[in-house]
Amino acid sequence: MQVATSNASWNYLGHDVHCLSTHPITELDGKSSLKEPALLLVHGFGASTDHWRHNIPVLSQTHEVHAIDLLGFGRSSKPGELNYGGPLWRDQVVAYVKERIRRPTVLVGNSLGGYAALAAGSALGQEAAGVVLLNAAGYFTSDKKPSQGFWSKARRAIGGGFLKDPLIQRLIFENLRQPSTIRRTLNQVYIDRTNVDDYLVEAIRQPSLDPGAFRVFKSVFDPGGPQGQPLDELFAELQSPVLLLWGNRDPWMNAVGKRAAFMKHAPQDTVEVVLDAGHCPHDEVPEQVNEALLDWLTKKTDREQNT
């Protein structure tokens with residue numbers, strides 16, 4: 001099967017957004033097959049479209065696949081005036097589906113990108129063909145307060161109270177973007193470290209050198225930054241099926257406790273797949289993630305055709 005790939009820049013809110021698309025080409029007419037829903041892959045904090053390096057080549061054999069760098073990350077613009085957080089990235093993903101894909105789309109997201117995918121899926125209604133969450137970030141209304149959510153815990157872990165001091169902010173940022181620190185952090189969140197390679201380290205480091213990257217860091221880790229809706233509210237608004245893919249040894253998230261909460265609020269027909277992996281299963285055990293995702297897509301299509 002041949003695959004056509006394009007890298008492009010898309011404009012959102014007046015800012016350049018890096019995105020890519022790839023799709024199978026039929027041997028008969030050379031055109032992309034639109035029988036299957038499109039897929040949109042959304043990365044986590046500090047990552048980019050590069051983090052789907054082991055997924056896109058496989059998924060695009062049968063589906064139109066898109067990937068996007070959220071504003072503030074990867075090759076996308078990093079303007080200092082934006083309020084970085086769930087609402088911004090939700091709206092960015094929604095706009096991309098409406099403007100660039102323009103047909104029902106399955107939203108696939110890891111960590112921060114998982115929250116953005118769920119929020120966008122809820123906002124898109126029937127335009128969202130499905131939502132796939134890989135160790136998604138976010139908090140539930142049942143939490144005592146939003147500060148107990150994953151993202152706020154990450155803010156405290158990285159910055160703590162020191163983020164009130166501009167000099168300490170800069171020192172923390174400079175340390176975080178050192179190759180040795182990036183590799184050490186990845187080694188903490190990957191159980192199998194085979195794919196913690198120079199390519200991945202550099203893919204994370206390079207965007208941190210862009211003008212505006214420091215301002216993005218400060219905005220994201222501001223404890224008073226936008227929290228977004230609780231996960232249970234988003235699930236209640238969602239009109240599409242859900243696949244939960246869990247790296248069950250995620251050191252940044254209590255996967256066991258989170259799994260129960262997600263299954264409690266997710267749609268009744270939600271499918272859950274538990275993998276022996278850390279926070280980024282799509283890159284750590286990509287073969288297992290690709291297989292589980294494609295199997296779910298096939299069964300979802302079969303169910304829809306039989307109803």
# chains A, B, ... in the order shown; residues from 1 in each chain; ligands from 1
>>> select_by_dssp(residues="stretch 14-198 of chain A", states="helix (DSSP H, G or I)", output="VMD selection string")
chain A and resid 49 to 52 56 to 59 86 to 101 112 to 127 146 to 148 150 to 158 160 to 164 166 to 176 179 to 189 198
>>> write_last_selection(atoms="C-alpha atoms", output="compact mmCIF listing (two decimals), in the first residue's frame")
# COMPACT_ATOMS: atom_id res chain seq x y z
CA THR A 49 4.33 15.34 16.10
CA ASP A 50 7.70 13.55 16.31
CA HIS A 51 6.44 11.58 19.31
CA TRP A 52 4.14 9.61 16.97
CA ILE A 56 1.97 7.17 11.90
CA PRO A 57 3.65 4.77 9.43
CA VAL A 58 1.44 1.90 10.62
CA LEU A 59 -1.86 3.72 11.11
CA GLY A 86 -6.94 23.27 28.22
CA PRO A 87 -9.33 25.81 26.64
CA LEU A 88 -6.72 27.05 24.13
CA TRP A 89 -5.68 23.57 22.99
CA ARG A 90 -9.29 22.32 22.90
CA ASP A 91 -10.24 25.14 20.57
CA GLN A 92 -7.14 24.61 18.43
CA VAL A 93 -7.96 20.92 17.91
CA VAL A 94 -11.61 21.69 17.16
CA ALA A 95 -10.63 24.31 14.59
CA TYR A 96 -8.18 21.93 12.91
CA VAL A 97 -10.84 19.24 12.50
CA LYS A 98 -13.33 21.73 11.09
CA GLU A 99 -10.92 23.60 8.81
CA ARG A 100 -8.40 20.99 7.66
CA ILE A 101 -9.96 17.54 8.02
CA LEU A 112 -1.95 16.77 28.11
CA GLY A 113 -2.92 15.87 24.54
CA GLY A 114 -5.39 13.34 25.93
CA TYR A 115 -7.16 16.09 27.83
CA ALA A 116 -7.21 18.26 24.69
CA ALA A 117 -8.58 15.34 22.64
CA LEU A 118 -11.39 14.63 25.12
CA ALA A 119 -12.31 18.31 25.45
CA ALA A 120 -12.29 18.75 21.68
CA GLY A 121 -14.28 15.55 21.18
CA SER A 122 -16.94 16.82 23.57
CA ALA A 123 -17.10 20.16 21.76
CA LEU A 124 -17.25 18.59 18.29
CA GLY A 125 -20.29 16.44 19.01
CA GLN A 126 -20.99 14.04 16.15
CA GLU A 127 -18.03 15.39 14.20
CA PRO A 146 -8.64 21.29 40.74
CA SER A 147 -5.16 21.52 42.23
CA GLN A 148 -5.34 17.78 42.85
CA PHE A 150 -2.52 15.63 37.23
CA TRP A 151 -1.53 18.85 35.51
CA SER A 152 -1.39 20.88 38.71
CA LYS A 153 0.65 18.11 40.34
CA ALA A 154 3.11 18.39 37.48
CA ARG A 155 3.25 22.15 37.96
CA ARG A 156 4.12 21.71 41.61
CA ALA A 157 6.64 18.95 40.92
CA ILE A 158 8.56 21.04 38.40
CA GLY A 160 6.80 24.46 43.28
CA GLY A 161 6.65 27.80 45.01
CA PHE A 162 9.93 28.84 43.39
CA LEU A 163 8.12 29.83 40.19
CA LYS A 164 7.27 33.17 41.80
CA PRO A 166 11.89 35.14 37.85
CA LEU A 167 15.52 34.11 38.34
CA ILE A 168 14.57 30.69 39.72
CA GLN A 169 12.08 30.29 36.87
CA ARG A 170 14.86 30.81 34.36
CA LEU A 171 17.23 28.45 36.14
CA ILE A 172 14.60 25.70 36.26
CA PHE A 173 13.83 26.17 32.57
CA GLU A 174 17.50 26.08 31.58
CA ASN A 175 18.00 22.87 33.53
CA LEU A 176 14.89 21.21 32.09
CA PRO A 179 19.86 16.93 27.03
CA SER A 180 20.92 15.09 30.18
CA THR A 181 17.82 16.27 32.07
CA ILE A 182 15.52 15.38 29.17
CA ARG A 183 17.00 11.90 28.95
CA ARG A 184 16.80 11.40 32.71
CA THR A 185 13.14 12.46 32.75
CA LEU A 186 12.31 10.13 29.86
CA ASN A 187 14.07 7.28 31.63
CA GLN A 188 11.82 7.90 34.61
CA VAL A 189 8.58 7.64 32.62
CA ASP A 198 19.02 10.60 20.66
>>> residues_around(residues="A:Leu39", least_positions_apart="3", cutoff="9 Å", atoms="only C-alpha atoms", output="list in words")
Leu59, Ser60, His63, Glu64, Val65, His66, Ala67, Pro104, Thr105, Val106, Leu107 and Val108 of chain A
>>> residues_around(residues="A:Glu287", least_positions_apart="4", cutoff="10 Å", atoms="only C-alpha atoms", output="ChimeraX atom specification")
/A:54-55,58,281-283,291-293
>>> atom_distance(atom1="atom CA of A:Tyr190", atom2="atom CA of A:Asp250")
8.0 Å
>>> closest_residue(among="A:Pro286, A:Pro24, A:Gly80, A:Gly109", to="A:Ser219", atoms="only C-alpha atoms")
A:Gly80
>>> closest_atom_pairs(of="stretch 207-248 of chain A", to="stretch 294-297 of chain A", cutoff="12 Å", atoms="only C-alpha atoms", output="Markdown table")
| residue | atom | partner | partner_atom | distance |
| --- | --- | --- | --- | --- |
| A:Pro241 | CA | A:Trp296 | CA | 10.1 |
| A:Val242 | CA | A:Trp296 | CA | 9.5 |
| A:Leu243 | CA | A:Trp296 | CA | 7.4 |
| A:Leu244 | CA | A:Trp296 | CA | 10.4 |
| A:Leu245 | CA | A:Trp296 | CA | 10.9 |
>>> residues_around(residues="A:Gly247", least_positions_apart="5", cutoff="6 Å", atoms="only C-alpha atoms", output="MDAnalysis selection string")
chainID A and resid 275:279 281
>>> write_last_selection(atoms="N, CA and C atoms", output="compact mmCIF listing (two decimals), in the first residue's frame")
# COMPACT_ATOMS: atom_id res chain seq x y z
N LEU A 275 -1.65 -1.82 29.39
CA LEU A 275 -0.36 -2.20 28.83
C LEU A 275 0.72 -2.09 29.90
N ASP A 276 1.72 -2.93 29.81
CA ASP A 276 2.85 -2.87 30.74
C ASP A 276 3.82 -1.82 30.23
N ALA A 277 3.56 -0.57 30.59
CA ALA A 277 4.33 0.55 30.07
C ALA A 277 4.19 1.73 31.01
N GLY A 278 4.91 2.81 30.69
CA GLY A 278 4.87 4.01 31.50
C GLY A 278 3.91 5.06 30.97
N HIS A 279 4.32 6.32 31.03
CA HIS A 279 3.43 7.44 30.74
C HIS A 279 3.15 7.63 29.25
N PRO A 281 2.83 5.23 26.39
CA PRO A 281 2.82 3.87 25.80
C PRO A 281 2.90 3.87 24.28
>>> closest_residue(among="A:Gln61, A:Ser77, A:Val42, A:Asn254", to="A:Thr22", atoms="only C-alpha atoms")
A:Gln61
>>> closest_residue(among="A:Leu20, A:Ala47, A:Ile25, A:Cys280", to="A:Ile204", atoms="only C-alpha atoms")
A:Ala47
